[in-house]
$ cat run-v5.pdb   # PDB, C-alpha atoms and all ligand atoms
ATOM      1  CA  MET A   8      28.367   5.825 -17.415  1.00  0.00           C
ATOM      2  CA  HIS A   9      30.388   2.840 -18.649  1.00  0.00           C
ATOM      3  CA  SER A  10      29.161  -0.470 -17.141  1.00  0.00           C
ATOM      4  CA  ASP A  11      32.680  -1.221 -15.751  1.00  0.00           C
ATOM      5  CA  ASP A  12      32.566   2.120 -13.954  1.00  0.00           C
ATOM      6  CA  GLU A  13      29.084   1.322 -12.648  1.00  0.00           C
ATOM      7  CA  SER A  14      30.096  -2.052 -11.223  1.00  0.00           C
ATOM      8  CA  MET A  15      33.267  -0.483  -9.755  1.00  0.00           C
ATOM      9  CA  ASN A  16      31.189   2.245  -8.118  1.00  0.00           C
ATOM     10  CA  SER A  17      28.854  -0.320  -6.573  1.00  0.00           C
ATOM     11  CA  TRP A  18      31.908  -2.139  -5.142  1.00  0.00           C
ATOM     12  CA  TYR A  19      33.153   1.145  -3.728  1.00  0.00           C
ATOM     13  CA  SER A  20      29.791   1.812  -2.063  1.00  0.00           C
ATOM     14  CA  SER A  21      29.868  -1.656  -0.470  1.00  0.00           C
ATOM     15  CA  LEU A  22      33.424  -1.098   0.738  1.00  0.00           C
ATOM     16  CA  GLN A  23      32.438   2.229   2.237  1.00  0.00           C
ATOM     17  CA  CYS A  24      29.700   0.413   4.187  1.00  0.00           C
ATOM     18  CA  VAL A  25      32.204  -2.202   5.434  1.00  0.00           C
ATOM     19  CA  LEU A  26      34.585   0.471   6.673  1.00  0.00           C
ATOM     20  CA  GLU A  27      31.936   2.818   8.062  1.00  0.00           C
ATOM     21  CA  LYS A  28      30.171   0.059  10.018  1.00  0.00           C
ATOM     22  CA  SER A  29      33.293  -1.664  11.353  1.00  0.00           C
ATOM     23  CA  ASP A  30      35.285   1.306  12.632  1.00  0.00           C
ATOM     24  CA  LYS A  31      33.766   4.796  12.783  1.00  0.00           C
ATOM     25  CA  ALA A  32      36.978   6.596  13.784  1.00  0.00           C
ATOM     26  CA  THR A  33      38.957   5.033  10.921  1.00  0.00           C
ATOM     27  CA  TRP A  34      36.125   5.812   8.542  1.00  0.00           C
ATOM     28  CA  GLU A  35      36.065   9.506   9.528  1.00  0.00           C
ATOM     29  CA  HIS A  36      39.871   9.679   9.280  1.00  0.00           C
ATOM     30  CA  SER A  37      39.699   8.013   5.834  1.00  0.00           C
ATOM     31  CA  VAL A  38      37.139  10.515   4.549  1.00  0.00           C
ATOM     32  CA  ARG A  39      39.399  13.395   5.650  1.00  0.00           C
ATOM     33  CA  VAL A  40      42.491  11.740   4.118  1.00  0.00           C
ATOM     34  CA  SER A  41      40.566  11.231   0.891  1.00  0.00           C
ATOM     35  CA  GLU A  42      39.670  14.944   0.766  1.00  0.00           C
ATOM     36  CA  LEU A  43      43.292  15.902   1.472  1.00  0.00           C
ATOM     37  CA  CYS A  44      44.489  13.571  -1.318  1.00  0.00           C
ATOM     38  CA  LYS A  45      42.120  15.351  -3.694  1.00  0.00           C
ATOM     39  CA  VAL A  46      43.509  18.737  -2.617  1.00  0.00           C
ATOM     40  CA  ILE A  47      47.096  17.491  -3.173  1.00  0.00           C
ATOM     41  CA  ALA A  48      46.291  15.910  -6.545  1.00  0.00           C
ATOM     42  CA  GLU A  49      44.635  19.118  -7.739  1.00  0.00           C
ATOM     43  CA  GLY A  50      47.544  21.174  -6.387  1.00  0.00           C
ATOM     44  CA  LEU A  51      49.970  18.988  -8.354  1.00  0.00           C
ATOM     45  CA  GLY A  52      47.912  19.575 -11.506  1.00  0.00           C
ATOM     46  CA  LEU A  53      47.093  15.896 -12.074  1.00  0.00           C
ATOM     47  CA  ASN A  54      44.387  14.901 -14.550  1.00  0.00           C
ATOM     48  CA  SER A  55      40.862  13.967 -13.446  1.00  0.00           C
ATOM     49  CA  LYS A  56      41.557  10.203 -13.612  1.00  0.00           C
ATOM     50  CA  GLN A  57      44.606  10.540 -11.355  1.00  0.00           C
ATOM     51  CA  ILE A  58      42.672  12.826  -8.987  1.00  0.00           C
ATOM     52  CA  ASN A  59      39.989  10.135  -8.762  1.00  0.00           C
ATOM     53  CA  PHE A  60      42.577   7.379  -8.069  1.00  0.00           C
ATOM     54  CA  ALA A  61      44.225   9.491  -5.349  1.00  0.00           C
ATOM     55  CA  THR A  62      40.844  10.239  -3.748  1.00  0.00           C
ATOM     56  CA  LEU A  63      39.910   6.528  -3.714  1.00  0.00           C
ATOM     57  CA  ALA A  64      43.319   5.482  -2.380  1.00  0.00           C
ATOM     58  CA  GLY A  65      42.861   7.981   0.465  1.00  0.00           C
ATOM     59  CA  LEU A  66      39.382   6.648   1.203  1.00  0.00           C
ATOM     60  CA  PHE A  67      40.458   2.999   1.410  1.00  0.00           C
ATOM     61  CA  HIS A  68      44.087   3.311   2.576  1.00  0.00           C
ATOM     62  CA  ASP A  69      43.311   1.890   6.044  1.00  0.00           C
ATOM     63  CA  ILE A  70      40.702  -0.684   5.059  1.00  0.00           C
ATOM     64  CA  GLY A  71      43.127  -3.371   6.278  1.00  0.00           C
ATOM     65  CA  LYS A  72      42.451  -2.068   9.792  1.00  0.00           C
ATOM     66  CA  THR A  73      38.941  -3.539   9.636  1.00  0.00           C
ATOM     67  CA  PHE A  74      40.688  -6.825  10.505  1.00  0.00           C
ATOM     68  CA  MET A  75      41.805  -5.276  13.783  1.00  0.00           C
ATOM     69  CA  THR A  76      38.428  -4.420  15.268  1.00  0.00           C
ATOM     70  CA  ASN A  77      37.747  -7.961  16.489  1.00  0.00           C
ATOM     71  CA  THR A  78      41.056  -8.324  18.272  1.00  0.00           C
ATOM     72  CA  VAL A  79      40.068  -6.393  21.401  1.00  0.00           C
ATOM     73  CA  ASN A  80      38.827  -9.437  23.277  1.00  0.00           C
ATOM     74  CA  TYR A  81      41.249 -11.836  21.677  1.00  0.00           C
ATOM     75  CA  PRO A  82      42.882 -13.986  24.386  1.00  0.00           C
ATOM     76  CA  GLY A  83      46.612 -14.548  24.628  1.00  0.00           C
ATOM     77  CA  LYS A  84      49.296 -12.489  22.976  1.00  0.00           C
ATOM     78  CA  LEU A  85      47.133  -9.512  22.092  1.00  0.00           C
ATOM     79  CA  ALA A  86      49.972  -7.010  21.877  1.00  0.00           C
ATOM     80  CA  GLU A  87      51.948  -9.164  19.438  1.00  0.00           C
ATOM     81  CA  ARG A  88      48.883  -9.902  17.326  1.00  0.00           C
ATOM     82  CA  GLU A  89      47.916  -6.218  17.133  1.00  0.00           C
ATOM     83  CA  LYS A  90      51.491  -5.256  16.340  1.00  0.00           C
ATOM     84  CA  ASN A  91      51.439  -7.640  13.379  1.00  0.00           C
ATOM     85  CA  LEU A  92      48.083  -6.333  12.181  1.00  0.00           C
ATOM     86  CA  VAL A  93      49.374  -2.760  12.300  1.00  0.00           C
ATOM     87  CA  PHE A  94      52.472  -3.801  10.358  1.00  0.00           C
ATOM     88  CA  TYR A  95      50.539  -5.735   7.724  1.00  0.00           C
ATOM     89  CA  HIS A  96      47.366  -3.617   7.446  1.00  0.00           C
ATOM     90  CA  PRO A  97      48.513  -2.035   4.142  1.00  0.00           C
ATOM     91  CA  LEU A  98      48.928  -5.513   2.606  1.00  0.00           C
ATOM     92  CA  LEU A  99      45.762  -6.901   4.176  1.00  0.00           C
ATOM     93  CA  GLY A 100      43.868  -3.906   2.814  1.00  0.00           C
ATOM     94  CA  GLU A 101      45.215  -4.318  -0.693  1.00  0.00           C
ATOM     95  CA  ARG A 102      44.493  -8.093  -0.687  1.00  0.00           C
ATOM     96  CA  PHE A 103      41.015  -7.582   0.711  1.00  0.00           C
ATOM     97  CA  ILE A 104      40.091  -4.924  -1.819  1.00  0.00           C
ATOM     98  CA  SER A 105      41.528  -6.947  -4.745  1.00  0.00           C
ATOM     99  CA  ILE A 106      39.513 -10.015  -3.770  1.00  0.00           C
ATOM    100  CA  PHE A 107      36.416  -7.947  -3.064  1.00  0.00           C
ATOM    101  CA  CYS A 108      36.532  -5.852  -6.237  1.00  0.00           C
ATOM    102  CA  GLY A 109      38.253  -8.178  -8.740  1.00  0.00           C
ATOM    103  CA  THR A 110      39.860  -5.879 -11.279  1.00  0.00           C
ATOM    104  CA  PHE A 111      41.088  -2.857  -9.472  1.00  0.00           C
ATOM    105  CA  PRO A 112      43.119   0.177 -10.684  1.00  0.00           C
ATOM    106  CA  SER A 113      46.762  -0.512  -9.833  1.00  0.00           C
ATOM    107  CA  GLN A 114      47.306   3.133  -8.815  1.00  0.00           C
ATOM    108  CA  VAL A 115      44.663   2.799  -6.075  1.00  0.00           C
ATOM    109  CA  ALA A 116      46.058  -0.571  -4.965  1.00  0.00           C
ATOM    110  CA  GLU A 117      49.567   0.971  -4.728  1.00  0.00           C
ATOM    111  CA  GLY A 118      48.159   3.853  -2.701  1.00  0.00           C
ATOM    112  CA  ILE A 119      46.875   1.333  -0.155  1.00  0.00           C
ATOM    113  CA  THR A 120      49.861  -1.062  -0.143  1.00  0.00           C
ATOM    114  CA  PHE A 121      52.578   1.586   0.128  1.00  0.00           C
ATOM    115  CA  HIS A 122      50.995   4.350   2.231  1.00  0.00           C
ATOM    116  CA  HIS A 123      53.335   3.695   5.184  1.00  0.00           C
ATOM    117  CA  GLU A 124      56.491   3.585   3.046  1.00  0.00           C
ATOM    118  CA  ARG A 125      58.836   6.579   3.401  1.00  0.00           C
ATOM    119  CA  LEU A 126      61.253   8.048   0.846  1.00  0.00           C
ATOM    120  CA  ASN A 127      64.189   7.528   3.226  1.00  0.00           C
ATOM    121  CA  GLY A 128      63.478   3.798   3.502  1.00  0.00           C
ATOM    122  CA  ARG A 129      62.199   4.051   7.069  1.00  0.00           C
ATOM    123  CA  GLY A 130      58.631   2.999   6.273  1.00  0.00           C
ATOM    124  CA  TYR A 131      56.886  -0.358   6.261  1.00  0.00           C
ATOM    125  CA  PRO A 132      56.122  -3.110   5.305  1.00  0.00           C
ATOM    126  CA  TYR A 133      58.686  -3.163   2.445  1.00  0.00           C
ATOM    127  CA  SER A 134      61.111  -0.358   3.482  1.00  0.00           C
ATOM    128  CA  LEU A 135      61.020   0.981  -0.083  1.00  0.00           C
ATOM    129  CA  CYS A 136      63.206   3.972  -0.980  1.00  0.00           C
ATOM    130  CA  GLY A 137      62.790   7.115  -3.134  1.00  0.00           C
ATOM    131  CA  GLU A 138      61.620   6.396  -6.674  1.00  0.00           C
ATOM    132  CA  GLU A 139      60.484   2.908  -5.677  1.00  0.00           C
ATOM    133  CA  ILE A 140      57.460   4.580  -4.103  1.00  0.00           C
ATOM    134  CA  PRO A 141      54.870   5.758  -6.661  1.00  0.00           C
ATOM    135  CA  LEU A 142      53.280   9.206  -6.465  1.00  0.00           C
ATOM    136  CA  ILE A 143      49.855   8.208  -5.134  1.00  0.00           C
ATOM    137  CA  PRO A 144      51.135   6.467  -1.974  1.00  0.00           C
ATOM    138  CA  ARG A 145      53.432   9.469  -1.390  1.00  0.00           C
ATOM    139  CA  MET A 146      50.308  11.620  -1.450  1.00  0.00           C
ATOM    140  CA  VAL A 147      48.377   9.291   0.863  1.00  0.00           C
ATOM    141  CA  ALA A 148      51.370   9.220   3.267  1.00  0.00           C
ATOM    142  CA  VAL A 149      51.418  13.012   3.615  1.00  0.00           C
ATOM    143  CA  ALA A 150      47.619  13.308   3.873  1.00  0.00           C
ATOM    144  CA  ASP A 151      47.547  10.488   6.443  1.00  0.00           C
ATOM    145  CA  VAL A 152      50.221  11.986   8.696  1.00  0.00           C
ATOM    146  CA  PHE A 153      48.778  15.485   8.325  1.00  0.00           C
ATOM    147  CA  ASP A 154      45.344  14.297   9.446  1.00  0.00           C
ATOM    148  CA  ALA A 155      46.776  12.261  12.324  1.00  0.00           C
ATOM    149  CA  MET A 156      48.677  15.300  13.636  1.00  0.00           C
ATOM    150  CA  ASN A 157      45.782  17.668  13.017  1.00  0.00           C
ATOM    151  CA  SER A 158      43.304  15.522  14.998  1.00  0.00           C
ATOM    152  CA  SER A 159      43.083  15.170  18.753  1.00  0.00           C
ATOM    153  CA  ARG A 160      43.523  11.771  20.364  1.00  0.00           C
ATOM    154  CA  PRO A 161      42.317  10.577  23.789  1.00  0.00           C
ATOM    155  CA  TYR A 162      45.909  11.012  25.044  1.00  0.00           C
ATOM    156  CA  ARG A 163      46.797  14.315  23.303  1.00  0.00           C
ATOM    157  CA  GLY A 164      45.346  17.316  21.515  1.00  0.00           C
ATOM    158  CA  ALA A 165      45.981  18.243  17.882  1.00  0.00           C
ATOM    159  CA  LEU A 166      49.551  19.366  17.193  1.00  0.00           C
ATOM    160  CA  SER A 167      50.328  23.030  16.517  1.00  0.00           C
ATOM    161  CA  LYS A 168      50.724  24.194  12.921  1.00  0.00           C
ATOM    162  CA  LYS A 169      54.422  24.806  13.610  1.00  0.00           C
ATOM    163  CA  ASP A 170      54.920  21.207  14.779  1.00  0.00           C
ATOM    164  CA  ILE A 171      52.982  19.845  11.803  1.00  0.00           C
ATOM    165  CA  VAL A 172      55.215  21.782   9.384  1.00  0.00           C
ATOM    166  CA  ALA A 173      58.333  20.620  11.259  1.00  0.00           C
ATOM    167  CA  GLU A 174      57.259  16.969  10.995  1.00  0.00           C
ATOM    168  CA  LEU A 175      56.399  17.176   7.291  1.00  0.00           C
ATOM    169  CA  ASP A 176      59.738  18.903   6.675  1.00  0.00           C
ATOM    170  CA  ARG A 177      61.613  15.806   7.855  1.00  0.00           C
ATOM    171  CA  PRO A 178      63.136  13.361   5.379  1.00  0.00           C
ATOM    172  CA  GLY A 179      60.731  10.684   4.240  1.00  0.00           C
ATOM    173  CA  TYR A 180      58.035  12.858   2.691  1.00  0.00           C
ATOM    174  CA  ASP A 181      57.874  14.117  -0.891  1.00  0.00           C
ATOM    175  CA  VAL A 182      58.593  17.875  -0.810  1.00  0.00           C
ATOM    176  CA  LYS A 183      56.363  18.572  -3.847  1.00  0.00           C
ATOM    177  CA  VAL A 184      53.477  16.731  -2.195  1.00  0.00           C
ATOM    178  CA  VAL A 185      53.951  18.514   1.130  1.00  0.00           C
ATOM    179  CA  SER A 186      54.048  21.919  -0.528  1.00  0.00           C
ATOM    180  CA  ALA A 187      50.960  21.131  -2.644  1.00  0.00           C
ATOM    181  CA  LEU A 188      49.063  20.414   0.568  1.00  0.00           C
ATOM    182  CA  LEU A 189      50.372  23.279   2.688  1.00  0.00           C
ATOM    183  CA  LYS A 190      50.074  25.801  -0.167  1.00  0.00           C
ATOM    184  CA  HIS A 191      46.360  25.021  -0.124  1.00  0.00           C
ATOM    185  CA  TYR A 192      46.178  26.489   3.384  1.00  0.00           C
ATOM    186  CA  GLY A 193      48.048  29.645   2.324  1.00  0.00           C
ATOM    187  CA  ARG A 194      49.774  31.606   5.077  1.00  0.00           C
ATOM    188  CA  GLU A 195      48.150  29.530   7.796  1.00  0.00           C
ATOM    189  CA  TYR A 196      51.103  27.084   7.814  1.00  0.00           C
ATOM    190  CA  ASN A 197      53.873  29.515   6.829  1.00  0.00           C
ATOM    191  CA  TYR A 198      55.617  26.747   4.866  1.00  0.00           C
ATOM    192  CA  LYS A 199      58.788  27.556   2.955  1.00  0.00           C
ATOM    193  CA  ILE A 200      59.533  25.200   0.096  1.00  0.00           C
ATOM    194  CA  LYS A 201      63.029  23.707   0.440  1.00  0.00           C
ATOM    195  CA  GLY A 202      65.536  25.351  -1.876  1.00  0.00           C
ATOM    196  CA  SER A 203      63.289  28.353  -2.606  1.00  0.00           C
TER     197      SER A 203
HETATM  198 FE    FE R 301      47.593   3.052   7.671  1.00  0.00          FE
HETATM  199 FE    FE R 302      45.493   6.290   8.075  1.00  0.00          FE
END
$ encode --input "run-v5.pdb" --output "C-alpha cells"
Amino acid sequence: MHSDDESMNSWYSSLQCVLEKSDKATWEHSVRVSELCKVIAEGLGLNSKQINFATLAGLFHDIGKTFMTNTVNYPGKLAEREKNLVFYHPLLGERFISIFCGTFPSQVAEGITFHHERLNGRGYPYSLCGEEIPLIPRMVAVADVFDAMNSSRPYRGALSKKDIVAELDRPGYDVKVVSALLKHYGREYNYKIKGS
C-alpha cells in the first residue's frame, strides 16, 4: 500500500473512533449510509476509486454532528444553538475533517459539505441547484434520507416502502441515484423510473 494511503487510512480509523465514541446512533446511521452509498456507486457503474470516495463520504457525512453532543446541558438559548448546529453541521464536518486529515480527497469533502443540498435548491446550507451539486453528495443525500425513513425513531416507526418511494420521487433527488438504490432492492420497492 502507498504510504499516503496508509496515513489516510490511519486518519480514517481515528475519525471512526471519534464518531463511534461521541454518538452511537449517528455512528450506526453513518455505517448504514456508507453501505448504501457503496450500493448506489456500484449500481451507477462508477470505478473503484469513486466507489471508495462515496463510501467514505457516507461514513463521515454527519461527523459535524459530533459538535452537537455536548449541547444537551448547555444553558440559555439551547434551541437556537442546536438549530444553528444542525444548519452548519455539513460545514463543521468538512472543516473538522480537513483540519484533522490535512490533504483530503475533494470528492469526499464535497460529499460531506453538500449532503443536505437538494437539486431543486431547497437544501442547505448553500441552497445549491441542479448541476451545482456534484454526484457524490447527491448519492449521500439519497442514502441519508432513505436510511432516516427506513429506521424507527422514538416518536415514529419506520416508514412504509410505498411512502419511502413517494418521498424519493419528489423533486430534489437525482433520479438516476434513486433508481440505482431502489433497483438494488428489486421488486421490494416497486419503483418505476420516471419517463420509462
Ligand atoms: Fe446530515
Ligand atoms: Fe445523516
$ closest_residue --input "run-v5.pdb" --among "A:Lys90, A:His36, A:His191, A:His123" --to "ligand FE 301 (chain R)" --atoms "all atoms listed in the file"
A:His123
$ residues_near_ligand --input "run-v5.pdb" --ligand "ligand FE 301 (chain R)" --cutoff "9 Å" --atoms "all atoms listed in the file" --output "short mmCIF file (atom, residue, chain, number, x, y, z; two decimals) with C-alpha atoms, keeping the file's coordinate frame"
data_model
loop_
_atom_site.label_atom_id
_atom_site.label_comp_id
_atom_site.auth_asym_id
_atom_site.auth_seq_id
_atom_site.Cartn_x
_atom_site.Cartn_y
_atom_site.Cartn_z
CA HIS A 68 44.09 3.31 2.58
CA ASP A 69 43.31 1.89 6.04
CA ILE A 70 40.70 -0.68 5.06
CA GLY A 71 43.13 -3.37 6.28
CA LYS A 72 42.45 -2.07 9.79
CA VAL A 93 49.37 -2.76 12.30
CA PHE A 94 52.47 -3.80 10.36
CA HIS A 96 47.37 -3.62 7.45
CA PRO A 97 48.51 -2.04 4.14
CA ILE A 119 46.88 1.33 -0.16
CA HIS A 122 51.00 4.35 2.23
CA HIS A 123 53.34 3.70 5.18
CA ALA A 148 51.37 9.22 3.27
CA ASP A 151 47.55 10.49 6.44
#
$ closest_residue --input "run-v5.pdb" --among "A:Tyr192, A:Tyr198, A:Phe74, A:Tyr19" --to "Cys108 in chain A" --atoms "all atoms listed in the file"
A:Tyr19
$ resolve_selection --input "run-v5.pdb" --expression "the PyMOL selection byres (((chain A and resi 30) around 12) and not hetatm)" --output "PDB file with C-alpha atoms, in the frame of the given file"
ATOM      1  CA  GLN A  23      32.438   2.229   2.237  1.00  0.00           C
ATOM      2  CA  CYS A  24      29.700   0.413   4.187  1.00  0.00           C
ATOM      3  CA  VAL A  25      32.204  -2.202   5.434  1.00  0.00           C
ATOM      4  CA  LEU A  26      34.585   0.471   6.673  1.00  0.00           C
ATOM      5  CA  GLU A  27      31.936   2.818   8.062  1.00  0.00           C
ATOM      6  CA  LYS A  28      30.171   0.059  10.018  1.00  0.00           C
ATOM      7  CA  SER A  29      33.293  -1.664  11.353  1.00  0.00           C
ATOM      8  CA  LYS A  31      33.766   4.796  12.783  1.00  0.00           C
ATOM      9  CA  ALA A  32      36.978   6.596  13.784  1.00  0.00           C
ATOM     10  CA  THR A  33      38.957   5.033  10.921  1.00  0.00           C
ATOM     11  CA  TRP A  34      36.125   5.812   8.542  1.00  0.00           C
ATOM     12  CA  GLU A  35      36.065   9.506   9.528  1.00  0.00           C
ATOM     13  CA  HIS A  36      39.871   9.679   9.280  1.00  0.00           C
ATOM     14  CA  SER A  37      39.699   8.013   5.834  1.00  0.00           C
ATOM     15  CA  ASP A  69      43.311   1.890   6.044  1.00  0.00           C
ATOM     16  CA  ILE A  70      40.702  -0.684   5.059  1.00  0.00           C
ATOM     17  CA  GLY A  71      43.127  -3.371   6.278  1.00  0.00           C
ATOM     18  CA  LYS A  72      42.451  -2.068   9.792  1.00  0.00           C
ATOM     19  CA  THR A  73      38.941  -3.539   9.636  1.00  0.00           C
ATOM     20  CA  PHE A  74      40.688  -6.825  10.505  1.00  0.00           C
ATOM     21  CA  MET A  75      41.805  -5.276  13.783  1.00  0.00           C
ATOM     22  CA  THR A  76      38.428  -4.420  15.268  1.00  0.00           C
ATOM     23  CA  ASN A  77      37.747  -7.961  16.489  1.00  0.00           C
TER      24      ASN A  77
END
$ resolve_selection --input "run-v5.pdb" --expression "the PyMOL selection byres (((chain A and resi 131-145) around 10) and not hetatm)" --output "VMD selection string"
chain A and resid 44 47 to 48 57 to 58 60 to 62 64 to 65 68 93 to 98 114 to 130 146 to 151 179 to 185
$ resolve_selection --input "run-v5.pdb" --expression "the PyMOL selection byres (((chain A and resi 156) around 9) and not hetatm)" --output "PDB file with C-alpha atoms, in the frame of the given file"
ATOM      1  CA  ASP A 151      47.547  10.488   6.443  1.00  0.00           C
ATOM      2  CA  VAL A 152      50.221  11.986   8.696  1.00  0.00           C
ATOM      3  CA  PHE A 153      48.778  15.485   8.325  1.00  0.00           C
ATOM      4  CA  ASP A 154      45.344  14.297   9.446  1.00  0.00           C
ATOM      5  CA  ALA A 155      46.776  12.261  12.324  1.00  0.00           C
ATOM      6  CA  ASN A 157      45.782  17.668  13.017  1.00  0.00           C
ATOM      7  CA  SER A 158      43.304  15.522  14.998  1.00  0.00           C
ATOM      8  CA  SER A 159      43.083  15.170  18.753  1.00  0.00           C
ATOM      9  CA  GLY A 164      45.346  17.316  21.515  1.00  0.00           C
ATOM     10  CA  ALA A 165      45.981  18.243  17.882  1.00  0.00           C
ATOM     11  CA  LEU A 166      49.551  19.366  17.193  1.00  0.00           C
ATOM     12  CA  SER A 167      50.328  23.030  16.517  1.00  0.00           C
ATOM     13  CA  ASP A 170      54.920  21.207  14.779  1.00  0.00           C
ATOM     14  CA  ILE A 171      52.982  19.845  11.803  1.00  0.00           C
TER      15      ILE A 171
END
$ atom_distance --input "run-v5.pdb" --atom1 "CA of Gly193 in chain A" --atom2 "CA of Phe67 in chain A"
27.7 Å
$ closest_residue --input "run-v5.pdb" --among "A:Ser186, A:Asn197, A:Ser41, A:Asn54" --to "ligand FE 302 (chain R)" --atoms "all atoms listed in the file"
A:Ser41
$ atom_distance --input "run-v5.pdb" --atom1 "CA of Leu66 in chain A" --atom2 "CA of Val40 in chain A"
6.6 Å
$ build_atoms --input "run-v5.pdb" --residues "range 32-51 of chain A" --atoms "N, CA and C atoms" --output "mmCIF file, keeping the file's coordinate frame"
data_model
loop_
_atom_site.group_PDB
_atom_site.id
_atom_site.type_symbol
_atom_site.label_atom_id
_atom_site.label_comp_id
_atom_site.auth_asym_id
_atom_site.auth_seq_id
_atom_site.Cartn_x
_atom_site.Cartn_y
_atom_site.Cartn_z
ATOM 1 N N ALA A 32 35.857 5.650 13.715
ATOM 2 C CA ALA A 32 36.978 6.596 13.784
ATOM 3 C C ALA A 32 37.859 6.483 12.534
ATOM 4 N N THR A 33 38.130 5.230 12.123
ATOM 5 C CA THR A 33 38.957 5.033 10.921
ATOM 6 C C THR A 33 38.225 5.534 9.692
ATOM 7 N N TRP A 34 36.921 5.325 9.667
ATOM 8 C CA TRP A 34 36.125 5.812 8.542
ATOM 9 C C TRP A 34 36.212 7.338 8.428
ATOM 10 N N GLU A 35 36.031 8.038 9.555
ATOM 11 C CA GLU A 35 36.065 9.506 9.528
ATOM 12 C C GLU A 35 37.456 10.012 9.125
ATOM 13 N N HIS A 36 38.488 9.340 9.658
ATOM 14 C CA HIS A 36 39.871 9.679 9.280
ATOM 15 C C HIS A 36 40.051 9.466 7.772
ATOM 16 N N SER A 37 39.528 8.357 7.253
ATOM 17 C CA SER A 37 39.699 8.013 5.834
ATOM 18 C C SER A 37 39.009 9.028 4.926
ATOM 19 N N VAL A 38 37.842 9.504 5.347
ATOM 20 C CA VAL A 38 37.139 10.515 4.549
ATOM 21 C C VAL A 38 37.978 11.797 4.484
ATOM 22 N N ARG A 39 38.564 12.180 5.641
ATOM 23 C CA ARG A 39 39.399 13.395 5.650
ATOM 24 C C ARG A 39 40.644 13.192 4.781
ATOM 25 N N VAL A 40 41.282 12.023 4.908
ATOM 26 C CA VAL A 40 42.491 11.740 4.118
ATOM 27 C C VAL A 40 42.162 11.772 2.622
ATOM 28 N N SER A 41 41.014 11.231 2.279
ATOM 29 C CA SER A 41 40.566 11.231 0.891
ATOM 30 C C SER A 41 40.429 12.669 0.365
ATOM 31 N N GLU A 42 39.836 13.543 1.178
ATOM 32 C CA GLU A 42 39.670 14.944 0.766
ATOM 33 C C GLU A 42 41.033 15.633 0.610
ATOM 34 N N LEU A 43 41.946 15.308 1.545
ATOM 35 C CA LEU A 43 43.292 15.902 1.472
ATOM 36 C C LEU A 43 44.033 15.414 0.222
ATOM 37 N N CYS A 44 43.859 14.126 -0.112
ATOM 38 C CA CYS A 44 44.489 13.571 -1.318
ATOM 39 C C CYS A 44 43.987 14.306 -2.562
ATOM 40 N N LYS A 45 42.710 14.616 -2.560
ATOM 41 C CA LYS A 45 42.120 15.351 -3.694
ATOM 42 C C LYS A 45 42.762 16.745 -3.809
ATOM 43 N N VAL A 46 42.888 17.408 -2.650
ATOM 44 C CA VAL A 46 43.509 18.737 -2.617
ATOM 45 C C VAL A 46 44.939 18.663 -3.168
ATOM 46 N N ILE A 47 45.702 17.644 -2.732
ATOM 47 C CA ILE A 47 47.096 17.491 -3.173
ATOM 48 C C ILE A 47 47.137 17.217 -4.678
ATOM 49 N N ALA A 48 46.293 16.285 -5.128
ATOM 50 C CA ALA A 48 46.291 15.910 -6.545
ATOM 51 C C ALA A 48 45.955 17.114 -7.421
ATOM 52 N N GLU A 49 44.986 17.915 -6.974
ATOM 53 C CA GLU A 49 44.635 19.118 -7.739
ATOM 54 C C GLU A 49 45.784 20.113 -7.706
ATOM 55 N N GLY A 50 46.408 20.253 -6.536
ATOM 56 C CA GLY A 50 47.544 21.174 -6.387
ATOM 57 C C GLY A 50 48.711 20.776 -7.271
ATOM 58 N N LEU A 51 48.881 19.475 -7.500
ATOM 59 C CA LEU A 51 49.970 18.988 -8.354
ATOM 60 C C LEU A 51 49.600 19.046 -9.835
#
